[in-house]
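See structure below.
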Amino acid sequence: MCKGLAALPATCLRSAKDMKHRLGFLLPKGETLSDHSSAPSKKHKTGAAHRLSSDEVKKWSESLQQLISHKDGLAAFTEFLQSEYSEENIKFWLACEEYRKCKSPAKLASKAKKIFNEYIAVESPREVNLESQIREETRKNILEPTSSCFDEAQSKIQILMQKDSYPRFLKSKVYLDLLNQTQARSQQRGKA
């Protein structure tokens, strides 16, 4: 059992601090992350200047695609998934999106193998929940990789997130706090 932050491995601390700094810019000006243990990073001044509107945050509730296609929505959803210990799903989905953009056949093979070994292989470090049939089909696909060799696996993970994680995200403290903060800010602007 851990006894405070000192007992956590350095990589876990770095990862937690990185996420905290990446999401700190979502908080309203003047609010610190004392509830969350630190202040926002100065490297996100552009994000802070861009302040989210309540309309943007509300739009995230329309679909998973609306949420993950917005930079700040993706960051909030990733934070939520990390809190549920299921961030491998969005990381895999994003890796597939990045992979699809690769045009070099030589790079496709190495990237495909890396994605497979990290997310799909049984007992891989970030194994996603796929049926054995899809796992095997994907294994065969990467023997002669194309930009679409992960399409079915990615689709299954997207459906899983759509049906499972996304509805919970919309009811989560992460989302509801952001929605409340942006609505309060827009009401304050309306009174000014």
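In the structure tokens, each chain is lettered A, B, ... as it comes, each chain's residues begin at 1, and ligands are numbered from 1 in order of appearance.
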
Would you give me, as JSON lines, each residue of stretch 29-143 of chain A having an atom within 7 Å of an atom of stretch 162-172 of chain A, along with its shortest atom pair and that distance in Å to one decimal, using only C-alpha atoms and sorting by chain and residue number?
```
{"residue": "A:Ser61", "atom": "CA", "partner": "A:Leu170", "partner_atom": "CA", "distance": 6.6}
{"residue": "A:Leu64", "atom": "CA", "partner": "A:Gln162", "partner_atom": "CA", "distance": 6.1}
{"residue": "A:Phe77", "atom": "CA", "partner": "A:Phe169", "partner_atom": "CA", "distance": 6.9}
{"residue": "A:Phe80", "atom": "CA", "partner": "A:Phe169", "partner_atom": "CA", "distance": 6.6}
```

Any chance you can output those residues with all heavy atoms as a PDB file, in the first residue's frame?
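Saved result, selection-v9.pdb, follows:
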```
ATOM      1  N   SER A  61     -21.679  16.671 -25.452  1.00  0.00           N
ATOM      2  CA  SER A  61     -22.691  15.691 -25.060  1.00  0.00           C
ATOM      3  C   SER A  61     -23.502  15.187 -26.257  1.00  0.00           C
ATOM      4  O   SER A  61     -24.330  14.295 -26.112  1.00  0.00           O
ATOM      5  CB  SER A  61     -23.630  16.275 -24.003  1.00  0.00           C
ATOM      6  OG  SER A  61     -24.430  17.290 -24.571  1.00  0.00           O
ATOM      7  N   LEU A  64     -19.780  11.077 -29.030  1.00  0.00           N
ATOM      8  CA  LEU A  64     -18.388  10.808 -28.685  1.00  0.00           C
ATOM      9  C   LEU A  64     -17.469  11.482 -29.695  1.00  0.00           C
ATOM     10  O   LEU A  64     -16.436  12.038 -29.329  1.00  0.00           O
ATOM     11  CB  LEU A  64     -18.126   9.291 -28.656  1.00  0.00           C
ATOM     12  CG  LEU A  64     -16.683   8.864 -28.400  1.00  0.00           C
ATOM     13  CD1 LEU A  64     -16.207   9.300 -27.020  1.00  0.00           C
ATOM     14  CD2 LEU A  64     -16.539   7.351 -28.561  1.00  0.00           C
ATOM     15  N   PHE A  77     -11.777  13.910 -21.585  1.00  0.00           N
ATOM     16  CA  PHE A  77     -12.182  12.506 -21.682  1.00  0.00           C
ATOM     17  C   PHE A  77     -11.020  11.589 -21.293  1.00  0.00           C
ATOM     18  O   PHE A  77     -11.208  10.600 -20.581  1.00  0.00           O
ATOM     19  CB  PHE A  77     -12.670  12.202 -23.101  1.00  0.00           C
ATOM     20  CG  PHE A  77     -13.278  10.846 -23.271  1.00  0.00           C
ATOM     21  CD1 PHE A  77     -14.344  10.429 -22.482  1.00  0.00           C
ATOM     22  CD2 PHE A  77     -12.813   9.977 -24.249  1.00  0.00           C
ATOM     23  CE1 PHE A  77     -14.926   9.168 -22.651  1.00  0.00           C
ATOM     24  CE2 PHE A  77     -13.387   8.727 -24.425  1.00  0.00           C
ATOM     25  CZ  PHE A  77     -14.441   8.325 -23.624  1.00  0.00           C
ATOM     26  N   PHE A  80     -10.695  11.545 -17.611  1.00  0.00           N
ATOM     27  CA  PHE A  80     -11.735  10.694 -17.045  1.00  0.00           C
ATOM     28  C   PHE A  80     -11.367   9.215 -17.198  1.00  0.00           C
ATOM     29  O   PHE A  80     -11.479   8.438 -16.244  1.00  0.00           O
ATOM     30  CB  PHE A  80     -13.083  10.980 -17.731  1.00  0.00           C
ATOM     31  CG  PHE A  80     -14.144   9.986 -17.383  1.00  0.00           C
ATOM     32  CD1 PHE A  80     -14.739   9.997 -16.126  1.00  0.00           C
ATOM     33  CD2 PHE A  80     -14.532   9.018 -18.302  1.00  0.00           C
ATOM     34  CE1 PHE A  80     -15.717   9.058 -15.792  1.00  0.00           C
ATOM     35  CE2 PHE A  80     -15.503   8.079 -17.973  1.00  0.00           C
ATOM     36  CZ  PHE A  80     -16.094   8.106 -16.716  1.00  0.00           C
TER      37      PHE A  80
END
```

**Item:** Contact residues around A:Ser110 with only C-alpha atoms at 12 Å, ignoring same-chain residues under 2 positions, as a PyMOL selection string
**Value:** chain A and resi 99+102+104-108+112-117+142-146

Let's have the selection written as a short mmCIF file (atom, residue, chain, number, x, y, z; two decimals), in the first residue's frame, with C-alpha atoms.
```
data_model
loop_
_atom_site.label_atom_id
_atom_site.label_comp_id
_atom_site.auth_asym_id
_atom_site.auth_seq_id
_atom_site.Cartn_x
_atom_site.Cartn_y
_atom_site.Cartn_z
CA TYR A 99 -1.24 5.26 -37.99
CA CYS A 102 1.23 7.30 -42.33
CA SER A 104 5.39 5.37 -45.99
CA PRO A 105 5.04 1.59 -46.53
CA ALA A 106 8.32 1.05 -44.64
CA LYS A 107 7.02 2.94 -41.62
CA LEU A 108 3.60 1.23 -41.75
CA ALA A 112 1.70 -1.61 -37.05
CA LYS A 113 3.88 -4.00 -35.08
CA LYS A 114 4.37 -1.42 -32.32
CA ILE A 115 0.60 -0.76 -32.00
CA PHE A 116 -0.16 -4.48 -32.05
CA ASN A 117 2.44 -5.26 -29.38
CA ILE A 142 -0.23 -6.49 -39.88
CA LEU A 143 1.72 -9.19 -41.76
CA GLU A 144 1.00 -7.11 -44.87
CA PRO A 145 0.12 -3.75 -43.32
CA THR A 146 -2.10 -1.22 -44.99
#
```

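Separating atom CA of A:Tyr85 from atom CA of A:Lys156 is a distance of 18.5 Å.
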
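Distance-wise, atom CA of A:Ile68 and atom CA of A:Lys111 end up 22.4 Å apart.
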
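Closest approach to A:Glu79 among A:Arg139, A:Tyr119, A:Ser124, A:Lys91: A:Lys91, based on only C-alpha atoms.
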
I'd like to know which residues of stretch 55-179 of chain A are helix (DSSP H, G or I) (by DSSP, run on the backbone); could you write them as a short mmCIF file (atom, residue, chain, number, x, y, z; two decimals) with N, CA, C and O atoms, in the first residue's frame?
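This is the output file result18.cif:
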```cif
data_model
loop_
_atom_site.label_atom_id
_atom_site.label_comp_id
_atom_site.auth_asym_id
_atom_site.auth_seq_id
_atom_site.Cartn_x
_atom_site.Cartn_y
_atom_site.Cartn_z
N ASP A 55 -21.25 26.52 -24.68
CA ASP A 55 -21.77 25.89 -25.90
C ASP A 55 -20.82 24.80 -26.39
O ASP A 55 -21.26 23.73 -26.82
N GLU A 56 -19.50 25.07 -26.32
CA GLU A 56 -18.52 24.06 -26.72
C GLU A 56 -18.63 22.82 -25.84
O GLU A 56 -18.66 21.70 -26.33
N VAL A 57 -18.70 23.04 -24.54
CA VAL A 57 -18.76 21.93 -23.59
C VAL A 57 -20.08 21.17 -23.75
O VAL A 57 -20.10 19.94 -23.71
N LYS A 58 -21.18 21.87 -23.97
CA LYS A 58 -22.48 21.21 -24.19
C LYS A 58 -22.44 20.35 -25.46
O LYS A 58 -23.03 19.28 -25.50
N LYS A 59 -21.74 20.84 -26.48
CA LYS A 59 -21.66 20.12 -27.76
C LYS A 59 -21.01 18.75 -27.58
O LYS A 59 -21.33 17.81 -28.30
N LEU A 64 -19.78 11.08 -29.03
CA LEU A 64 -18.39 10.81 -28.69
C LEU A 64 -17.47 11.48 -29.69
O LEU A 64 -16.44 12.04 -29.33
N GLN A 65 -17.86 11.46 -30.96
CA GLN A 65 -17.03 12.07 -32.01
C GLN A 65 -16.88 13.57 -31.77
O GLN A 65 -15.79 14.11 -31.94
N GLN A 66 -17.95 14.25 -31.36
CA GLN A 66 -17.86 15.69 -31.04
C GLN A 66 -16.87 15.91 -29.91
O GLN A 66 -16.10 16.86 -29.92
N LEU A 67 -16.92 15.04 -28.92
CA LEU A 67 -16.05 15.16 -27.75
C LEU A 67 -14.59 14.97 -28.13
O LEU A 67 -13.75 15.82 -27.83
N ILE A 68 -14.27 13.88 -28.80
CA ILE A 68 -12.86 13.57 -29.04
C ILE A 68 -12.26 14.33 -30.22
O ILE A 68 -11.05 14.35 -30.39
N LYS A 71 -10.00 19.41 -29.00
CA LYS A 71 -8.75 19.25 -28.24
C LYS A 71 -9.00 19.19 -26.73
O LYS A 71 -8.50 18.30 -26.04
N ASP A 72 -9.78 20.12 -26.21
CA ASP A 72 -10.03 20.16 -24.77
C ASP A 72 -10.98 19.04 -24.34
O ASP A 72 -10.88 18.51 -23.24
N GLY A 73 -11.91 18.66 -25.22
CA GLY A 73 -12.80 17.53 -24.93
C GLY A 73 -12.01 16.24 -24.84
O GLY A 73 -12.22 15.43 -23.93
N LEU A 74 -11.08 16.07 -25.76
CA LEU A 74 -10.23 14.88 -25.74
C LEU A 74 -9.40 14.84 -24.46
O LEU A 74 -9.29 13.79 -23.82
N ALA A 75 -8.87 15.97 -24.04
CA ALA A 75 -8.08 16.04 -22.80
C ALA A 75 -8.94 15.69 -21.59
O ALA A 75 -8.51 14.92 -20.72
N ALA A 76 -10.15 16.21 -21.54
CA ALA A 76 -11.05 15.92 -20.41
C ALA A 76 -11.47 14.45 -20.41
O ALA A 76 -11.50 13.81 -19.35
N PHE A 77 -11.78 13.91 -21.59
CA PHE A 77 -12.18 12.51 -21.68
C PHE A 77 -11.02 11.59 -21.29
O PHE A 77 -11.21 10.60 -20.58
N THR A 78 -9.82 11.94 -21.72
CA THR A 78 -8.64 11.15 -21.37
C THR A 78 -8.42 11.17 -19.87
O THR A 78 -8.13 10.13 -19.26
N GLU A 79 -8.58 12.34 -19.25
CA GLU A 79 -8.45 12.44 -17.79
C GLU A 79 -9.47 11.52 -17.11
O GLU A 79 -9.15 10.80 -16.16
N PHE A 80 -10.69 11.54 -17.61
CA PHE A 80 -11.74 10.69 -17.05
C PHE A 80 -11.37 9.21 -17.20
O PHE A 80 -11.48 8.44 -16.24
N LEU A 81 -10.93 8.82 -18.37
CA LEU A 81 -10.56 7.43 -18.60
C LEU A 81 -9.39 7.01 -17.71
O LEU A 81 -9.36 5.88 -17.21
N GLN A 82 -8.45 7.92 -17.49
CA GLN A 82 -7.35 7.61 -16.58
C GLN A 82 -7.87 7.37 -15.17
O GLN A 82 -7.39 6.48 -14.48
N SER A 83 -8.85 8.15 -14.76
CA SER A 83 -9.41 7.97 -13.42
C SER A 83 -10.11 6.62 -13.29
O SER A 83 -10.26 6.09 -12.20
N GLU A 88 -6.25 3.12 -21.93
CA GLU A 88 -5.71 2.39 -23.08
C GLU A 88 -6.66 2.46 -24.27
O GLU A 88 -6.22 2.44 -25.42
N ASN A 89 -7.96 2.58 -24.02
CA ASN A 89 -8.93 2.63 -25.12
C ASN A 89 -8.73 3.87 -25.98
O ASN A 89 -8.64 3.78 -27.20
N ILE A 90 -8.66 5.04 -25.37
CA ILE A 90 -8.48 6.26 -26.16
C ILE A 90 -7.08 6.34 -26.73
O ILE A 90 -6.88 6.81 -27.85
N LYS A 91 -6.10 5.84 -26.00
CA LYS A 91 -4.71 5.85 -26.51
C LYS A 91 -4.62 4.96 -27.76
O LYS A 91 -3.97 5.32 -28.73
N PHE A 92 -5.27 3.80 -27.71
CA PHE A 92 -5.28 2.91 -28.88
C PHE A 92 -6.00 3.58 -30.04
O PHE A 92 -5.52 3.58 -31.17
N TRP A 93 -7.16 4.17 -29.77
CA TRP A 93 -7.93 4.83 -30.82
C TRP A 93 -7.10 5.93 -31.48
O TRP A 93 -7.06 6.05 -32.71
N LEU A 94 -6.41 6.73 -30.66
CA LEU A 94 -5.57 7.80 -31.19
C LEU A 94 -4.38 7.25 -31.97
O LEU A 94 -4.00 7.80 -33.01
N ALA A 95 -3.78 6.16 -31.49
CA ALA A 95 -2.66 5.53 -32.20
C ALA A 95 -3.12 5.06 -33.58
O ALA A 95 -2.39 5.21 -34.57
N CYS A 96 -4.33 4.53 -33.67
CA CYS A 96 -4.89 4.10 -34.96
C CYS A 96 -5.11 5.30 -35.89
O CYS A 96 -4.86 5.21 -37.10
N GLU A 97 -5.61 6.39 -35.34
CA GLU A 97 -5.81 7.60 -36.14
C GLU A 97 -4.48 8.10 -36.71
O GLU A 97 -4.39 8.46 -37.88
N GLU A 98 -3.47 8.11 -35.87
CA GLU A 98 -2.13 8.55 -36.29
C GLU A 98 -1.56 7.58 -37.33
O GLU A 98 -0.98 7.99 -38.33
N TYR A 99 -1.74 6.30 -37.08
CA TYR A 99 -1.24 5.26 -37.99
C TYR A 99 -1.85 5.43 -39.38
O TYR A 99 -1.16 5.31 -40.39
N ARG A 100 -3.13 5.69 -39.44
CA ARG A 100 -3.84 5.83 -40.71
C ARG A 100 -3.25 6.96 -41.57
O ARG A 100 -3.32 6.92 -42.80
N LYS A 101 -2.64 7.95 -40.93
CA LYS A 101 -2.06 9.09 -41.66
C LYS A 101 -0.71 8.76 -42.28
O LYS A 101 -0.23 9.50 -43.13
N PRO A 105 5.21 3.03 -46.75
CA PRO A 105 5.04 1.59 -46.53
C PRO A 105 6.07 1.02 -45.54
O PRO A 105 5.74 0.13 -44.75
N ALA A 106 7.28 1.54 -45.57
CA ALA A 106 8.32 1.05 -44.64
C ALA A 106 7.96 1.37 -43.20
O ALA A 106 8.15 0.54 -42.30
N LYS A 107 7.40 2.55 -42.97
CA LYS A 107 7.02 2.94 -41.62
C LYS A 107 5.74 2.22 -41.16
O LYS A 107 5.56 1.98 -39.97
N LEU A 108 4.84 1.91 -42.11
CA LEU A 108 3.60 1.23 -41.75
C LEU A 108 3.89 -0.08 -41.01
O LEU A 108 3.26 -0.38 -40.00
N ALA A 109 4.84 -0.84 -41.51
CA ALA A 109 5.15 -2.14 -40.90
C ALA A 109 5.62 -1.99 -39.47
O ALA A 109 5.14 -2.68 -38.56
N SER A 110 6.56 -1.07 -39.23
CA SER A 110 7.08 -0.93 -37.86
C SER A 110 6.03 -0.33 -36.93
O SER A 110 5.91 -0.75 -35.78
N LYS A 111 5.25 0.63 -37.42
CA LYS A 111 4.21 1.23 -36.59
C LYS A 111 3.11 0.21 -36.27
O LYS A 111 2.60 0.17 -35.16
N ALA A 112 2.74 -0.59 -37.25
CA ALA A 112 1.70 -1.61 -37.05
C ALA A 112 2.14 -2.61 -35.98
O ALA A 112 1.36 -2.95 -35.09
N LYS A 113 3.37 -3.04 -36.06
CA LYS A 113 3.88 -4.00 -35.08
C LYS A 113 3.90 -3.38 -33.68
O LYS A 113 3.52 -4.02 -32.70
N LYS A 114 4.31 -2.11 -33.61
CA LYS A 114 4.37 -1.42 -32.32
C LYS A 114 2.97 -1.31 -31.71
O LYS A 114 2.77 -1.60 -30.52
N ILE A 115 1.98 -0.90 -32.49
CA ILE A 115 0.60 -0.76 -32.00
C ILE A 115 0.08 -2.13 -31.57
O ILE A 115 -0.52 -2.26 -30.50
N PHE A 116 0.31 -3.14 -32.39
CA PHE A 116 -0.16 -4.48 -32.05
C PHE A 116 0.44 -4.95 -30.72
O PHE A 116 -0.27 -5.43 -29.85
N ASN A 117 1.75 -4.79 -30.59
CA ASN A 117 2.44 -5.26 -29.38
C ASN A 117 2.07 -4.47 -28.13
O ASN A 117 2.13 -4.99 -27.03
N GLU A 118 1.69 -3.21 -28.32
CA GLU A 118 1.34 -2.38 -27.16
C GLU A 118 -0.11 -2.53 -26.74
O GLU A 118 -0.42 -2.47 -25.54
N TYR A 119 -1.02 -2.73 -27.70
CA TYR A 119 -2.44 -2.68 -27.38
C TYR A 119 -3.25 -3.96 -27.66
O TYR A 119 -4.28 -4.17 -27.05
N ILE A 120 -2.80 -4.78 -28.59
CA ILE A 120 -3.65 -5.88 -29.04
C ILE A 120 -3.16 -7.26 -28.60
O ILE A 120 -3.96 -8.12 -28.24
N SER A 132 -11.24 -12.49 -29.44
CA SER A 132 -10.08 -13.20 -29.99
C SER A 132 -10.10 -13.24 -31.52
O SER A 132 -9.05 -13.18 -32.16
N GLN A 133 -11.28 -13.28 -32.11
CA GLN A 133 -11.40 -13.30 -33.57
C GLN A 133 -10.83 -12.00 -34.18
O GLN A 133 -10.09 -12.04 -35.16
N ILE A 134 -11.16 -10.87 -33.59
CA ILE A 134 -10.67 -9.58 -34.10
C ILE A 134 -9.17 -9.45 -33.83
O ILE A 134 -8.42 -8.97 -34.67
N ARG A 135 -8.74 -9.94 -32.68
CA ARG A 135 -7.32 -9.93 -32.33
C ARG A 135 -6.52 -10.72 -33.38
O ARG A 135 -5.50 -10.26 -33.88
N GLU A 136 -7.03 -11.90 -33.74
CA GLU A 136 -6.34 -12.76 -34.71
C GLU A 136 -6.38 -12.15 -36.11
O GLU A 136 -5.38 -12.16 -36.84
N GLU A 137 -7.52 -11.60 -36.48
CA GLU A 137 -7.64 -10.96 -37.79
C GLU A 137 -6.66 -9.78 -37.91
O GLU A 137 -6.01 -9.60 -38.94
N THR A 138 -6.54 -9.01 -36.84
CA THR A 138 -5.62 -7.87 -36.84
C THR A 138 -4.17 -8.36 -36.91
O THR A 138 -3.35 -7.77 -37.62
N ARG A 139 -3.87 -9.44 -36.21
CA ARG A 139 -2.52 -10.02 -36.27
C ARG A 139 -2.17 -10.38 -37.71
O ARG A 139 -1.07 -10.12 -38.19
N LYS A 140 -3.12 -10.99 -38.43
CA LYS A 140 -2.90 -11.35 -39.84
C LYS A 140 -2.75 -10.09 -40.70
O LYS A 140 -1.93 -10.06 -41.62
N ASN A 141 -3.57 -9.07 -40.41
CA ASN A 141 -3.53 -7.83 -41.19
C ASN A 141 -2.16 -7.17 -41.13
O ASN A 141 -1.71 -6.59 -42.12
N ASP A 151 -8.65 -1.03 -38.70
CA ASP A 151 -9.99 -0.43 -38.75
C ASP A 151 -11.02 -1.17 -37.91
O ASP A 151 -11.79 -0.55 -37.16
N GLU A 152 -11.09 -2.49 -38.03
CA GLU A 152 -12.11 -3.23 -37.28
C GLU A 152 -11.86 -3.17 -35.78
O GLU A 152 -12.78 -2.95 -34.99
N ALA A 153 -10.61 -3.33 -35.37
CA ALA A 153 -10.27 -3.26 -33.94
C ALA A 153 -10.57 -1.87 -33.39
O ALA A 153 -11.16 -1.72 -32.31
N GLN A 154 -10.21 -0.84 -34.15
CA GLN A 154 -10.47 0.53 -33.71
C GLN A 154 -11.97 0.78 -33.60
O GLN A 154 -12.43 1.40 -32.65
N SER A 155 -12.72 0.28 -34.56
CA SER A 155 -14.18 0.45 -34.54
C SER A 155 -14.79 -0.21 -33.30
O SER A 155 -15.66 0.36 -32.66
N LYS A 156 -14.31 -1.41 -32.97
CA LYS A 156 -14.83 -2.11 -31.78
C LYS A 156 -14.53 -1.32 -30.51
O LYS A 156 -15.39 -1.21 -29.62
N ILE A 157 -13.35 -0.75 -30.41
CA ILE A 157 -12.99 0.04 -29.22
C ILE A 157 -13.80 1.33 -29.19
O ILE A 157 -14.24 1.76 -28.13
N GLN A 158 -14.04 1.94 -30.34
CA GLN A 158 -14.86 3.15 -30.38
C GLN A 158 -16.28 2.83 -29.93
O GLN A 158 -16.87 3.59 -29.15
N ILE A 159 -16.83 1.71 -30.37
CA ILE A 159 -18.18 1.31 -29.95
C ILE A 159 -18.20 1.06 -28.45
O ILE A 159 -19.14 1.47 -27.75
N LEU A 160 -17.17 0.41 -27.94
CA LEU A 160 -17.07 0.16 -26.50
C LEU A 160 -17.07 1.48 -25.72
O LEU A 160 -17.80 1.64 -24.75
N MET A 161 -16.26 2.44 -26.17
CA MET A 161 -16.22 3.74 -25.49
C MET A 161 -17.57 4.45 -25.61
O MET A 161 -18.05 5.04 -24.65
N GLN A 162 -18.19 4.37 -26.80
CA GLN A 162 -19.48 5.02 -27.04
C GLN A 162 -20.56 4.49 -26.10
O GLN A 162 -21.33 5.25 -25.53
N LYS A 163 -20.58 3.18 -25.92
CA LYS A 163 -21.64 2.56 -25.12
C LYS A 163 -21.33 2.56 -23.63
O LYS A 163 -22.26 2.52 -22.82
N ASP A 164 -20.07 2.56 -23.27
CA ASP A 164 -19.69 2.35 -21.87
C ASP A 164 -19.10 3.61 -21.23
O ASP A 164 -19.71 4.20 -20.34
N SER A 165 -17.94 4.03 -21.67
CA SER A 165 -17.22 5.13 -21.02
C SER A 165 -17.86 6.50 -21.26
O SER A 165 -17.94 7.32 -20.35
N TYR A 166 -18.29 6.74 -22.49
CA TYR A 166 -18.83 8.05 -22.85
C TYR A 166 -20.06 8.43 -22.01
O TYR A 166 -20.10 9.54 -21.46
N PRO A 167 -21.07 7.55 -21.85
CA PRO A 167 -22.21 7.93 -20.99
C PRO A 167 -21.78 8.22 -19.54
O PRO A 167 -22.31 9.13 -18.91
N ARG A 168 -20.82 7.45 -19.03
CA ARG A 168 -20.33 7.70 -17.67
C ARG A 168 -19.57 9.02 -17.61
O ARG A 168 -19.66 9.74 -16.62
N PHE A 169 -18.84 9.34 -18.67
CA PHE A 169 -18.12 10.62 -18.72
C PHE A 169 -19.11 11.78 -18.60
O PHE A 169 -18.87 12.74 -17.86
N LEU A 170 -20.24 11.70 -19.31
CA LEU A 170 -21.22 12.78 -19.29
C LEU A 170 -21.86 12.97 -17.92
O LEU A 170 -22.41 14.03 -17.64
N LYS A 173 -17.85 13.87 -12.62
CA LYS A 173 -17.47 15.15 -12.01
C LYS A 173 -16.61 15.97 -12.98
O LYS A 173 -16.78 17.18 -13.07
N VAL A 174 -15.74 15.32 -13.73
CA VAL A 174 -14.88 16.02 -14.70
C VAL A 174 -15.74 16.83 -15.65
O VAL A 174 -15.53 18.03 -15.83
N TYR A 175 -16.71 16.18 -16.28
CA TYR A 175 -17.55 16.87 -17.27
C TYR A 175 -18.51 17.86 -16.62
O TYR A 175 -18.62 19.01 -17.06
N LEU A 176 -19.20 17.43 -15.58
CA LEU A 176 -20.20 18.30 -14.96
C LEU A 176 -19.57 19.55 -14.35
O LEU A 176 -20.14 20.64 -14.45
N ASP A 177 -18.39 19.42 -13.75
CA ASP A 177 -17.69 20.60 -13.21
C ASP A 177 -17.34 21.57 -14.33
O ASP A 177 -17.52 22.78 -14.20
N LEU A 178 -16.84 21.04 -15.44
CA LEU A 178 -16.47 21.89 -16.57
C LEU A 178 -17.71 22.60 -17.13
O LEU A 178 -17.67 23.79 -17.42
N LEU A 179 -18.79 21.85 -17.25
CA LEU A 179 -20.03 22.42 -17.77
C LEU A 179 -20.54 23.52 -16.83
O LEU A 179 -20.88 24.63 -17.28
#
```

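Here atom CA of A:Arg126 and atom CA of A:Ser148 stand 20.8 Å from one another.
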
Selection near stretch 181-192 of chain A, 7 Å with only C-alpha atoms, sequence-local residues under 5 positions removed, as a short mmCIF file (atom, residue, chain, number, x, y, z; two decimals) with all heavy atoms, in the first residue's frame:
```cif
data_model
loop_
_atom_site.label_atom_id
_atom_site.label_comp_id
_atom_site.auth_asym_id
_atom_site.auth_seq_id
_atom_site.Cartn_x
_atom_site.Cartn_y
_atom_site.Cartn_z
N LEU A 52 -12.89 27.92 -22.80
CA LEU A 52 -14.01 27.16 -23.34
C LEU A 52 -15.33 27.90 -23.11
O LEU A 52 -15.52 28.51 -22.07
CB LEU A 52 -14.11 25.81 -22.63
CG LEU A 52 -13.06 24.79 -22.98
CD1 LEU A 52 -13.10 23.64 -21.99
CD2 LEU A 52 -13.29 24.28 -24.38
N SER A 53 -16.23 27.80 -24.06
CA SER A 53 -17.57 28.35 -23.86
C SER A 53 -18.48 27.22 -23.41
O SER A 53 -18.20 26.04 -23.64
CB SER A 53 -18.10 28.95 -25.16
OG SER A 53 -18.43 27.93 -26.08
N SER A 54 -19.58 27.57 -22.78
CA SER A 54 -20.51 26.53 -22.34
C SER A 54 -21.11 25.81 -23.56
O SER A 54 -21.40 24.62 -23.50
CB SER A 54 -21.60 27.09 -21.44
OG SER A 54 -22.41 28.01 -22.13
#
```
